[in-house]
Structure formats: structure tokens, C-alpha cells
file input.txt (compact mmCIF, C-alpha atoms and all ligand atoms)
# COMPACT_ATOMS: atom_id res chain seq x y z
CA MET S 1184 117.79 -7.35 -81.94
CA THR S 1185 121.11 -5.60 -81.42
CA ARG S 1186 122.31 -5.22 -77.83
CA PHE S 1187 124.13 -1.97 -77.13
CA ILE S 1188 126.40 -2.32 -74.09
CA GLY S 1189 128.63 0.43 -72.66
CA VAL S 1190 131.83 -0.37 -70.75
CA ILE S 1191 132.28 2.53 -68.36
CA SER S 1192 134.10 3.58 -65.20
CA GLY S 1193 134.35 6.52 -62.84
CA LYS S 1194 138.12 6.48 -62.49
CA GLY S 1195 140.42 6.25 -65.50
CA GLY S 1196 142.92 3.49 -66.25
CA VAL S 1197 140.95 0.76 -64.48
CA GLY S 1198 140.75 -1.68 -67.42
CA LYS S 1199 137.80 -0.63 -69.64
CA THR S 1200 139.65 -1.00 -72.93
CA THR S 1201 141.22 -4.30 -71.86
CA THR S 1202 137.75 -5.53 -70.85
CA SER S 1203 136.06 -4.31 -74.05
CA ILE S 1204 138.62 -6.03 -76.27
CA ASN S 1205 138.61 -9.31 -74.39
CA LEU S 1206 134.84 -9.45 -74.07
CA GLY S 1207 134.51 -8.58 -77.75
CA THR S 1208 136.90 -11.35 -78.75
CA ALA S 1209 135.28 -13.90 -76.47
CA LEU S 1210 131.77 -13.02 -77.66
CA THR S 1211 132.90 -13.27 -81.29
CA TYR S 1212 134.23 -16.78 -80.70
CA PHE S 1213 131.06 -17.78 -78.89
CA GLY S 1214 129.31 -17.05 -82.18
CA LYS S 1215 127.97 -13.58 -81.47
CA ASP S 1216 128.60 -11.02 -84.15
CA THR S 1217 130.18 -8.30 -82.01
CA ILE S 1218 131.55 -4.85 -82.80
CA VAL S 1219 133.76 -3.02 -80.30
CA ILE S 1220 133.69 0.76 -80.71
CA ASP S 1221 136.27 3.17 -79.37
CA ALA S 1222 134.14 6.01 -78.04
CA ASN S 1223 137.06 7.41 -76.05
CA LEU S 1224 137.70 10.07 -78.65
CA THR S 1225 140.17 12.22 -76.72
CA THR S 1226 142.45 9.34 -75.68
CA PRO S 1227 141.56 6.39 -77.92
CA ASN S 1228 143.29 3.10 -77.13
CA ILE S 1229 141.62 0.18 -78.87
CA GLY S 1230 143.72 0.53 -82.02
CA VAL S 1231 146.88 0.76 -79.94
CA HIS S 1232 145.97 -2.26 -77.80
CA LEU S 1233 145.31 -4.34 -80.92
CA GLY S 1234 148.13 -3.01 -83.10
CA VAL S 1235 145.70 -1.74 -85.71
CA PRO S 1236 147.45 0.17 -88.52
CA VAL S 1237 146.38 3.77 -89.19
CA LEU S 1238 143.18 3.20 -91.14
CA PRO S 1239 141.74 5.42 -93.85
CA ILE S 1240 138.33 5.47 -92.13
CA ASN S 1241 137.64 5.60 -88.39
CA ILE S 1242 134.91 6.86 -86.05
CA ASN S 1243 136.14 10.45 -86.41
CA HIS S 1244 135.40 10.37 -90.15
CA VAL S 1245 131.93 9.04 -89.37
CA LEU S 1246 131.30 11.87 -86.88
CA GLN S 1247 132.58 14.36 -89.43
CA GLY S 1248 129.92 13.08 -91.85
CA LYS S 1249 132.46 11.78 -94.37
CA ASN S 1250 131.69 8.06 -94.05
CA THR S 1251 129.05 5.70 -92.75
CA ILE S 1252 129.73 3.77 -89.54
CA THR S 1253 129.77 0.43 -91.36
CA GLU S 1254 132.62 1.71 -93.52
CA ALA S 1255 134.64 2.24 -90.33
CA ILE S 1256 134.47 -1.41 -89.20
CA TYR S 1257 137.86 -3.12 -89.18
CA GLU S 1258 138.27 -6.87 -88.73
CA HIS S 1259 141.26 -7.76 -86.59
CA PRO S 1260 143.11 -10.93 -87.70
CA THR S 1261 141.46 -12.75 -84.75
CA GLY S 1262 138.06 -11.98 -86.26
CA THR S 1263 137.12 -9.36 -83.68
CA LYS S 1264 135.41 -6.41 -85.32
CA ILE S 1265 136.39 -2.98 -84.09
CA ILE S 1266 135.70 0.64 -84.92
CA PRO S 1267 138.79 2.58 -83.86
CA ALA S 1268 139.08 6.31 -83.21
CA SER S 1269 141.77 8.50 -84.67
CA ILE S 1270 144.89 9.08 -82.57
CA SER S 1271 145.55 12.35 -84.45
CA LEU S 1272 145.00 15.59 -82.55
CA TYR S 1273 144.12 17.23 -85.86
CA ASP S 1274 141.25 14.75 -86.41
CA LEU S 1275 140.10 15.19 -82.81
CA LYS S 1276 139.83 18.96 -83.17
CA LYS S 1277 137.63 18.55 -86.24
CA THR S 1278 135.35 15.98 -84.58
CA ASN S 1279 132.05 16.85 -82.94
CA PRO S 1280 130.78 13.82 -80.97
CA ASP S 1281 127.14 15.00 -80.82
CA SER S 1282 125.96 12.51 -83.46
CA LEU S 1283 127.66 9.52 -81.79
CA LYS S 1284 124.37 7.99 -80.65
CA LYS S 1285 122.71 8.27 -84.05
CA HIS S 1286 125.61 6.47 -85.75
CA ILE S 1287 126.06 3.79 -83.10
CA ARG S 1288 122.33 3.01 -83.07
CA SER S 1289 122.36 2.51 -86.83
CA LEU S 1290 124.54 -0.61 -86.44
CA ARG S 1291 122.81 -3.95 -86.96
CA THR S 1292 124.63 -6.86 -85.35
CA ASP S 1293 124.27 -9.11 -82.30
CA ILE S 1294 126.23 -7.02 -79.80
CA VAL S 1295 127.81 -3.56 -79.90
CA LEU S 1296 130.31 -2.96 -77.10
CA VAL S 1297 131.14 0.68 -76.51
CA ASP S 1298 134.48 1.43 -74.82
CA CYS S 1299 133.76 4.76 -73.12
CA ALA S 1300 135.91 7.59 -71.81
CA ALA S 1301 136.39 7.58 -68.04
CA GLY S 1302 134.47 9.88 -65.74
CA LEU S 1303 131.29 11.84 -66.03
CA GLY S 1304 132.27 14.38 -68.65
CA ARG S 1305 130.41 15.15 -71.86
CA GLU S 1306 132.32 12.59 -73.92
CA ALA S 1307 131.54 9.76 -71.49
CA LEU S 1308 127.89 10.78 -71.17
CA LEU S 1309 127.35 10.92 -74.93
CA ALA S 1310 128.57 7.32 -75.13
CA VAL S 1311 126.40 6.24 -72.19
CA ASP S 1312 123.44 7.87 -73.91
CA ALA S 1313 124.07 5.68 -76.97
CA VAL S 1314 123.67 2.35 -75.13
CA ASP S 1315 120.94 0.53 -73.22
CA GLU S 1316 123.03 -1.68 -70.94
CA ILE S 1317 126.06 -0.85 -68.84
CA LEU S 1318 129.02 -2.75 -67.44
CA ILE S 1319 130.94 -0.86 -64.76
CA VAL S 1320 134.65 -1.51 -64.49
CA THR S 1321 136.45 -0.72 -61.25
CA ASN S 1322 139.55 -1.69 -59.32
CA PRO S 1323 138.95 -2.98 -55.79
CA GLU S 1324 140.13 0.26 -54.18
CA LEU S 1325 137.93 2.74 -52.35
CA PRO S 1326 138.55 5.83 -54.55
CA ALA S 1327 137.74 3.85 -57.72
CA ILE S 1328 134.66 2.28 -56.11
CA THR S 1329 133.39 5.69 -54.92
CA ASP S 1330 133.73 7.04 -58.46
CA ALA S 1331 132.03 3.92 -59.83
CA LEU S 1332 129.09 4.56 -57.51
CA LYS S 1333 128.59 8.08 -58.91
CA THR S 1334 128.78 6.71 -62.43
CA ILE S 1335 126.20 4.02 -61.70
CA ARG S 1336 123.80 6.59 -60.22
CA LEU S 1337 124.17 8.85 -63.23
CA ALA S 1338 123.72 5.99 -65.72
CA GLU S 1339 120.56 4.93 -63.88
CA GLU S 1340 119.25 8.49 -63.90
CA MET S 1341 119.70 8.31 -67.67
CA GLY S 1342 117.48 5.21 -67.71
CA LYS S 1343 120.24 2.68 -68.39
CA ASN S 1344 120.24 -0.91 -67.21
CA VAL S 1345 123.41 -1.37 -65.15
CA LEU S 1346 124.11 -5.10 -65.49
CA GLY S 1347 126.86 -5.25 -62.92
CA VAL S 1348 130.48 -4.70 -62.02
CA ILE S 1349 133.74 -6.08 -63.35
CA LEU S 1350 136.47 -5.98 -60.74
CA THR S 1351 139.84 -5.71 -62.41
CA ARG S 1352 143.46 -5.78 -61.28
CA THR S 1353 142.65 -7.55 -58.03
CA LYS S 1354 145.65 -8.55 -55.92
CA GLU S 1355 146.34 -11.11 -53.26
CA ASN S 1356 147.54 -8.61 -50.68
CA ASN S 1357 144.42 -8.34 -48.49
CA LEU S 1358 144.33 -4.60 -49.17
CA ASP S 1359 141.58 -4.90 -51.76
CA VAL S 1360 138.00 -4.13 -50.81
CA SER S 1361 136.30 -7.58 -50.73
CA ILE S 1362 133.87 -8.67 -53.43
CA ASN S 1363 131.04 -8.69 -50.88
CA ASN S 1364 131.82 -5.15 -49.83
CA VAL S 1365 132.01 -3.98 -53.45
CA GLN S 1366 128.58 -5.51 -54.06
CA SER S 1367 127.07 -3.90 -51.01
CA ILE S 1368 128.61 -0.47 -51.68
CA LEU S 1369 127.59 -0.44 -55.34
CA GLU S 1370 124.37 -2.45 -54.89
CA LYS S 1371 125.21 -4.34 -58.09
CA PRO S 1372 126.43 -7.89 -58.66
CA VAL S 1373 130.10 -8.47 -59.39
CA LEU S 1374 129.92 -10.31 -62.71
CA GLY S 1375 133.61 -10.92 -63.20
CA VAL S 1376 136.90 -10.70 -61.32
CA ILE S 1377 140.07 -10.20 -63.36
CA PRO S 1378 143.26 -10.47 -61.30
CA GLU S 1379 146.33 -8.33 -61.84
CA SER S 1380 148.34 -10.46 -64.23
CA LYS S 1381 151.42 -10.23 -66.34
CA SER S 1382 149.53 -12.15 -69.07
CA ILE S 1383 147.55 -8.95 -69.71
CA ARG S 1384 150.72 -6.92 -70.09
CA GLU S 1385 152.20 -9.60 -72.36
CA ALA S 1386 149.05 -9.60 -74.50
CA LEU S 1387 149.38 -5.83 -74.81
CA THR S 1388 152.96 -6.24 -75.99
CA LEU S 1389 151.73 -8.76 -78.57
CA ARG S 1390 148.97 -6.31 -79.57
CA ASP S 1391 146.28 -8.90 -79.00
CA SER S 1392 143.61 -9.96 -76.52
CA VAL S 1393 144.65 -12.12 -73.58
CA VAL S 1394 141.86 -14.59 -74.40
CA PHE S 1395 143.92 -15.43 -77.49
CA THR S 1396 147.49 -15.04 -76.35
CA HIS S 1397 147.08 -16.78 -72.96
CA PRO S 1398 143.83 -18.75 -73.32
CA ASN S 1399 144.32 -20.71 -70.08
CA SER S 1400 145.33 -17.80 -67.88
CA THR S 1401 142.92 -16.75 -65.12
CA PRO S 1402 142.14 -13.39 -66.80
CA ALA S 1403 141.35 -15.17 -70.10
CA ILE S 1404 139.12 -17.77 -68.46
CA ASN S 1405 137.34 -15.14 -66.36
CA TYR S 1406 136.76 -12.91 -69.40
CA LYS S 1407 135.32 -15.93 -71.26
CA LYS S 1408 133.07 -16.75 -68.29
CA LEU S 1409 131.90 -13.16 -68.22
CA ALA S 1410 131.14 -13.28 -71.96
CA SER S 1411 129.20 -16.55 -71.54
CA GLY S 1412 127.20 -15.04 -68.69
CA LEU S 1413 126.34 -11.99 -70.79
CA ILE S 1414 124.73 -14.16 -73.43
CA GLY S 1415 123.05 -16.43 -70.90
CA ARG S 1416 125.21 -19.42 -71.67
CA GLU S 1417 126.84 -21.67 -69.14
CA TYR S 1418 130.63 -21.77 -69.36
CA THR S 1419 131.71 -25.39 -69.71
CA GLU S 1420 134.78 -27.26 -70.94
CA GLU S 1421 132.92 -27.64 -74.23
CA THR S 1422 132.51 -23.89 -74.53
CA ASN S 1423 136.24 -23.59 -73.99
CA SER S 1424 137.14 -26.26 -76.53
CA GLY S 1425 135.04 -24.40 -79.14
CA PHE S 1426 137.13 -21.43 -78.28
CA PHE S 1427 140.36 -23.38 -78.80
CA LYS S 1428 139.21 -24.40 -82.27
CA GLY S 1429 138.90 -20.71 -83.10
CA PHE S 1430 142.33 -20.10 -81.70
CA LEU S 1431 143.89 -22.90 -83.77
CA SER S 1432 142.29 -21.60 -86.92
CA TYR S 1433 143.70 -18.15 -86.09
CA LEU S 1434 147.15 -19.76 -85.96
CA GLY S 1435 146.52 -21.35 -89.34
CA PHE S 1436 145.68 -24.91 -88.13
CA LYS S 1437 142.25 -25.63 -89.53
N1 LIG B 1 144.15 -7.40 -65.04
C1 LIG B 1 145.19 -6.64 -65.39
N2 LIG B 1 146.46 -7.00 -65.05
C2 LIG B 1 147.52 -6.23 -65.39
N3 LIG B 1 147.42 -5.09 -66.11
C3 LIG B 1 146.19 -4.68 -66.49
C4 LIG B 1 145.01 -5.43 -66.15
N4 LIG B 1 143.94 -4.79 -66.69
C5 LIG B 1 144.41 -3.70 -67.31
N5 LIG B 1 145.76 -3.63 -67.19
C6 LIG B 1 146.66 -2.59 -67.72
O1 LIG B 1 146.28 -1.36 -67.14
C7 LIG B 1 146.42 -0.30 -68.08
C8 LIG B 1 145.09 0.43 -68.20
O2 LIG B 1 144.15 -0.48 -68.76
P1 LIG B 1 143.05 0.01 -69.81
O3 LIG B 1 143.70 0.81 -70.88
O4 LIG B 1 142.27 -1.18 -70.20
O5 LIG B 1 142.21 0.97 -68.85
P2 LIG B 1 141.07 2.01 -69.24
O6 LIG B 1 140.08 1.99 -68.13
O7 LIG B 1 140.56 1.73 -70.59
O8 LIG B 1 141.89 3.38 -69.24
P3 LIG B 1 141.36 4.81 -69.75
O9 LIG B 1 140.45 5.35 -68.67
O10 LIG B 1 142.62 5.61 -69.87
O11 LIG B 1 140.67 4.61 -71.05
C9 LIG B 1 146.90 -0.93 -69.38
O12 LIG B 1 148.29 -0.81 -69.47
C10 LIG B 1 146.49 -2.40 -69.23
O13 LIG B 1 147.36 -3.29 -69.94
MG MG B 2 140.49 2.98 -72.31

call {"tool": "encode", "arguments": {"input": "input.txt", "output": "C-alpha cells"}}
result
Amino acid sequence: MTRFIGVISGKGGVGKTTTSINLGTALTYFGKDTIVIDANLTTPNIGVHLGVPVLPININHVLQGKNTITEAIYEHPTGTKIIPASISLYDLKKTNPDSLKKHIRSLRTDIVLVDCAAGLGREALLAVDAVDEILIVTNPELPAITDALKTIRLAEEMGKNVLGVILTRTKENNLDVSINNVQSILEKPVLGVIPESKSIREALTLRDSVVFTHPNSTPAINYKKLASGLIGREYTEETNSGFFKGFLSYLGFK
């Protein structure tokens, strides 16, 4: 059965797209057929993060009724499957997101990860409505955590299963809210902690996921641990070496 998981946040710019891409890549290399969808229609980023060329078919065409959602799947050279959104304002104006759920739910695969718009607006809520499970992304700062709390409450009111929190861009400056405090404020487990790291910025420059470009960096390892946890698998050295095999084949060393 397909799992539909939304990656959401209260505050914008906290790391949802980075998380969706890296989780998607890690899950793919752990053998789960995964599709990452850009449901952030007004400010789509997945294509930009992964250096995807302008494609003839994207989620906007699907929502406009011109194509089926399977026709909009693009396979990144790393093997990660994505469904990008159009960056054109013209396409956006012609797109009505009301049928998003119907199209997303027609996908048949192991895992569908939905990269949502920030906040509690209509666009974000339509994406939340399309999934069953939720991952909340927040930075360890009080305003972001307060917004995350509202988002969790709303998602639960909509009957969604909030799996837990991913704390991103953590710093070693003692100004962050501690993991324990985040858990007690949000009443959800912290499933992953991704430190602020220049490896993420470098991966963005390379238009790739950090799990590929910097496989031994802390963000990469923590994203892989998070992916293993999501599929109920223990993260071991063996899991990681399987991952390296995938990486070598990506580089052309079979
Ligand atoms: N752990 C990290 N270390 C350093 N930079 C990071 C980290 N995580 C994310 N970033 C950077 O922060 C910026 C915002 O990240 P991202 O686009 O993933 O956030 P978002 O929540 O999807 O934003 P939006 O709400 O606009 O969709 C990007 O430039 C990204 O490279
Ligand atoms: Mg984003």
C-alpha cells in the first residue's frame, strides 16, 4: 500500500524542500520506490534544488487536466523520482490546485513525499489534505516552534497522523531551544536533527542532495537515519554500505 507523507512547516524557509529531497533520495536507495512531489505551487523549489531542466510536463499541467500525474514523473540522474511544479507565473495563474488530492492519491508506489507550502493557507492545507502522515519541519527557535505547534494542531484536526518533528539548521551556540523542550512544547518526538552545515549549501550549488554529494556529513547521515526509521529499519554500517554502492553506480563505477 502506498504511504502518503506530507513534509510541512508553520514558518517558511525552515528546510522542508531540503528534507523532502534528501529523504526521497535516501528512501530510494534503501529500496523504496519513492516519488517526491512539489506541492508548493506558488514558490516551487524542488526543480531548482535538483537542477531539473524545464520539463514539458509538470504538476501544473496535471492540475490543468492536460496530463496524467504519472506523465509528470521525472527521474533525476541519482534515481530519485520527482514531480516538479512550474516556475512560470503564467502557468501558476492558470492552475487551480483543487484537484491536487485526487491526482496525488492516484499514484501507486511505495512512498509519496509531498513537499508542502509553508503556513496554514489554502495551498498548504490542500496538500495536507492529500496525505495521511505528516512530518513537521522546524528550526529550533521559538517563533518557528510556535508556528509548528499551530500546524500540528490543524493537521490533527484534519485527522492526519503527525509522525514527529525534524529539527533543522541547529547550531552549537546554546541559543537553540533544546530537543527536550521542543518535544515537550510540540508533544511529538523529534525524529531527526539536521545541523546547520555548509555541506547543504554546497549540495545546493551542485544541484543535488547532500546524501549523495557529502554522504559522510552529519546532515547526510542523519537524513539516512531518518529515512531508515521511517521504514522501520535499523540504520547500520551495512545500510550505509548499500547506500555507497548506489552512489558509486551513480558516478559510473558499477
Ligand atoms: N541544515 C542546513 N544547513 C544549511 N542550510 C540549510 C539547511 N537546511 C536548509 N538550508 C538552506 O536553507 C534554505 C531554505 O531551505 P528550504 O528551501 O529547504 O526551506 P523550505 O522550508 O522548503 O522553504 P519554503 O518555505 O520557502 O518552501 C535553502 O537555501 C537551504 O539550502
Ligand atoms: Mg520549500

call {"tool": "closest_atom_pairs", "arguments": {"input": "input.txt", "of": "chain S", "to": "ligand LIG 1 (chain B)", "cutoff": "9 Å", "atoms": "only C-alpha atoms and all ligand atoms", "output": "Markdown table"}}
result
| residue | atom | partner | partner_atom | distance |
| --- | --- | --- | --- | --- |
| S:Val1190 | CA | B:LIG1 | O6 | 9.0 |
| S:Ile1191 | CA | B:LIG1 | O6 | 7.8 |
| S:Ser1192 | CA | B:LIG1 | O6 | 6.8 |
| S:Gly1193 | CA | B:LIG1 | O9 | 8.5 |
| S:Lys1194 | CA | B:LIG1 | O9 | 6.7 |
| S:Gly1195 | CA | B:LIG1 | O9 | 3.3 |
| S:Gly1196 | CA | B:LIG1 | O8 | 3.2 |
| S:Val1197 | CA | B:LIG1 | O6 | 3.9 |
| S:Gly1198 | CA | B:LIG1 | O4 | 3.2 |
| S:Lys1199 | CA | B:LIG1 | O7 | 3.8 |
| S:Thr1200 | CA | B:LIG1 | O7 | 3.7 |
| S:Thr1201 | CA | B:LIG1 | O4 | 3.7 |
| S:Thr1202 | CA | B:LIG1 | O4 | 6.3 |
| S:Ser1203 | CA | B:LIG1 | O4 | 7.9 |
| S:Ile1204 | CA | B:LIG1 | O4 | 8.6 |
| S:Asn1223 | CA | B:LIG1 | O11 | 6.8 |
| S:Thr1226 | CA | B:LIG1 | O11 | 6.9 |
| S:Pro1227 | CA | B:LIG1 | O11 | 7.2 |
| S:Asn1228 | CA | B:LIG1 | O3 | 6.7 |
| S:Ile1229 | CA | B:LIG1 | O3 | 8.3 |
| S:His1232 | CA | B:LIG1 | O3 | 7.9 |
| S:Asp1298 | CA | B:LIG1 | O7 | 7.4 |
| S:Cys1299 | CA | B:LIG1 | O11 | 7.2 |
| S:Ala1300 | CA | B:LIG1 | O11 | 5.7 |
| S:Ala1301 | CA | B:LIG1 | O9 | 4.7 |
| S:Gly1302 | CA | B:LIG1 | O9 | 8.1 |
| S:Val1320 | CA | B:LIG1 | O6 | 7.4 |
| S:Thr1321 | CA | B:LIG1 | O6 | 8.2 |
| S:Leu1350 | CA | B:LIG1 | N1 | 8.9 |
| S:Thr1351 | CA | B:LIG1 | N1 | 5.3 |
| S:Arg1352 | CA | B:LIG1 | N1 | 4.2 |
| S:Thr1353 | CA | B:LIG1 | N1 | 7.2 |
| S:Val1376 | CA | B:LIG1 | N1 | 8.8 |
| S:Ile1377 | CA | B:LIG1 | N1 | 5.2 |
| S:Pro1378 | CA | B:LIG1 | N1 | 4.9 |
| S:Glu1379 | CA | B:LIG1 | N2 | 3.5 |
| S:Ser1380 | CA | B:LIG1 | N2 | 4.0 |
| S:Lys1381 | CA | B:LIG1 | C2 | 5.7 |
| S:Ser1382 | CA | B:LIG1 | N2 | 7.2 |
| S:Ile1383 | CA | B:LIG1 | C2 | 5.1 |
| S:Arg1384 | CA | B:LIG1 | O13 | 4.9 |
| S:Glu1385 | CA | B:LIG1 | O13 | 8.3 |
| S:Ala1386 | CA | B:LIG1 | O13 | 8.0 |
| S:Leu1387 | CA | B:LIG1 | O13 | 5.9 |
| S:Thr1388 | CA | B:LIG1 | O13 | 8.8 |
| S:Pro1402 | CA | B:LIG1 | N1 | 6.6 |

call {"tool": "residues_around", "arguments": {"input": "input.txt", "residues": "Leu1374 in chain S", "least_positions_apart": "2", "cutoff": "7 Å", "atoms": "only C-alpha atoms", "output": "JSON list (two decimals) with C-alpha atoms, keeping the file's coordinate frame"}}
result
[["chain", "number", "residue", "atom", "x", "y", "z"],
["S", 1347, "GLY", "CA", 126.86, -5.25, -62.92],
["S", 1348, "VAL", "CA", 130.48, -4.70, -62.02],
["S", 1349, "ILE", "CA", 133.74, -6.08, -63.35],
["S", 1372, "PRO", "CA", 126.43, -7.89, -58.66],
["S", 1409, "LEU", "CA", 131.90, -13.16, -68.22]]

call {"tool": "closest_residue", "arguments": {"input": "input.txt", "among": "S:Glu1370, S:Asp1216, S:Asp1221, S:Asp1312", "to": "ligand MG 2 (chain B)", "atoms": "all atoms listed in the file"}}
result
S:Asp1221

call {"tool": "closest_residue", "arguments": {"input": "input.txt", "among": "S:Ala1222, S:Ala1209, S:Ile1294, S:Ala1255", "to": "ligand MG 2 (chain B)", "atoms": "only C-alpha atoms and all ligand atoms"}}
result
S:Ala1222

call {"tool": "axis_aligned_box", "arguments": {"input": "input.txt", "around": "range 1264-1276 of chain S", "padding_each_side": "6 Å", "output": "JSON"}}
result
{"center_x": 140.5, "center_y": 6.3, "center_z": -84.5, "size_x": 22.1, "size_y": 37.4, "size_z": 15.9}

call {"tool": "decode", "arguments": {"input": "input.txt", "residues": "range 1256-1277 of chain S", "atoms": "C-alpha atoms", "output": "CSV table (one decimal), in the first residue's frame"}}
result
chain,number,residue,atom,x,y,z
S,1256,ILE,CA,7.2,12.0,-13.1
S,1257,TYR,CA,10.9,12.9,-13.8
S,1258,GLU,CA,13.8,10.6,-12.8
S,1259,HIS,CA,16.8,12.6,-11.5
S,1260,PRO,CA,20.2,11.1,-12.6
S,1261,THR,CA,20.5,9.9,-9.0
S,1262,GLY,CA,17.4,7.8,-9.4
S,1263,THR,CA,15.2,9.9,-7.2
S,1264,LYS,CA,11.7,10.4,-8.8
S,1265,ILE,CA,10.2,13.8,-8.6
S,1266,ILE,CA,7.2,15.7,-9.8
S,1267,PRO,CA,8.2,19.3,-10.2
S,1268,ALA,CA,5.9,22.4,-10.3
S,1269,SER,CA,6.2,25.1,-12.9
S,1270,ILE,CA,8.3,28.1,-12.1
S,1271,SER,CA,6.3,30.2,-14.6
S,1272,LEU,CA,3.9,32.8,-13.3
S,1273,TYR,CA,1.8,32.3,-16.4
S,1274,ASP,CA,1.4,28.5,-15.6
S,1275,LEU,CA,0.6,29.4,-11.9
S,1276,LYS,CA,-2.2,31.8,-12.9
S,1277,LYS,CA,-3.8,29.0,-15.0
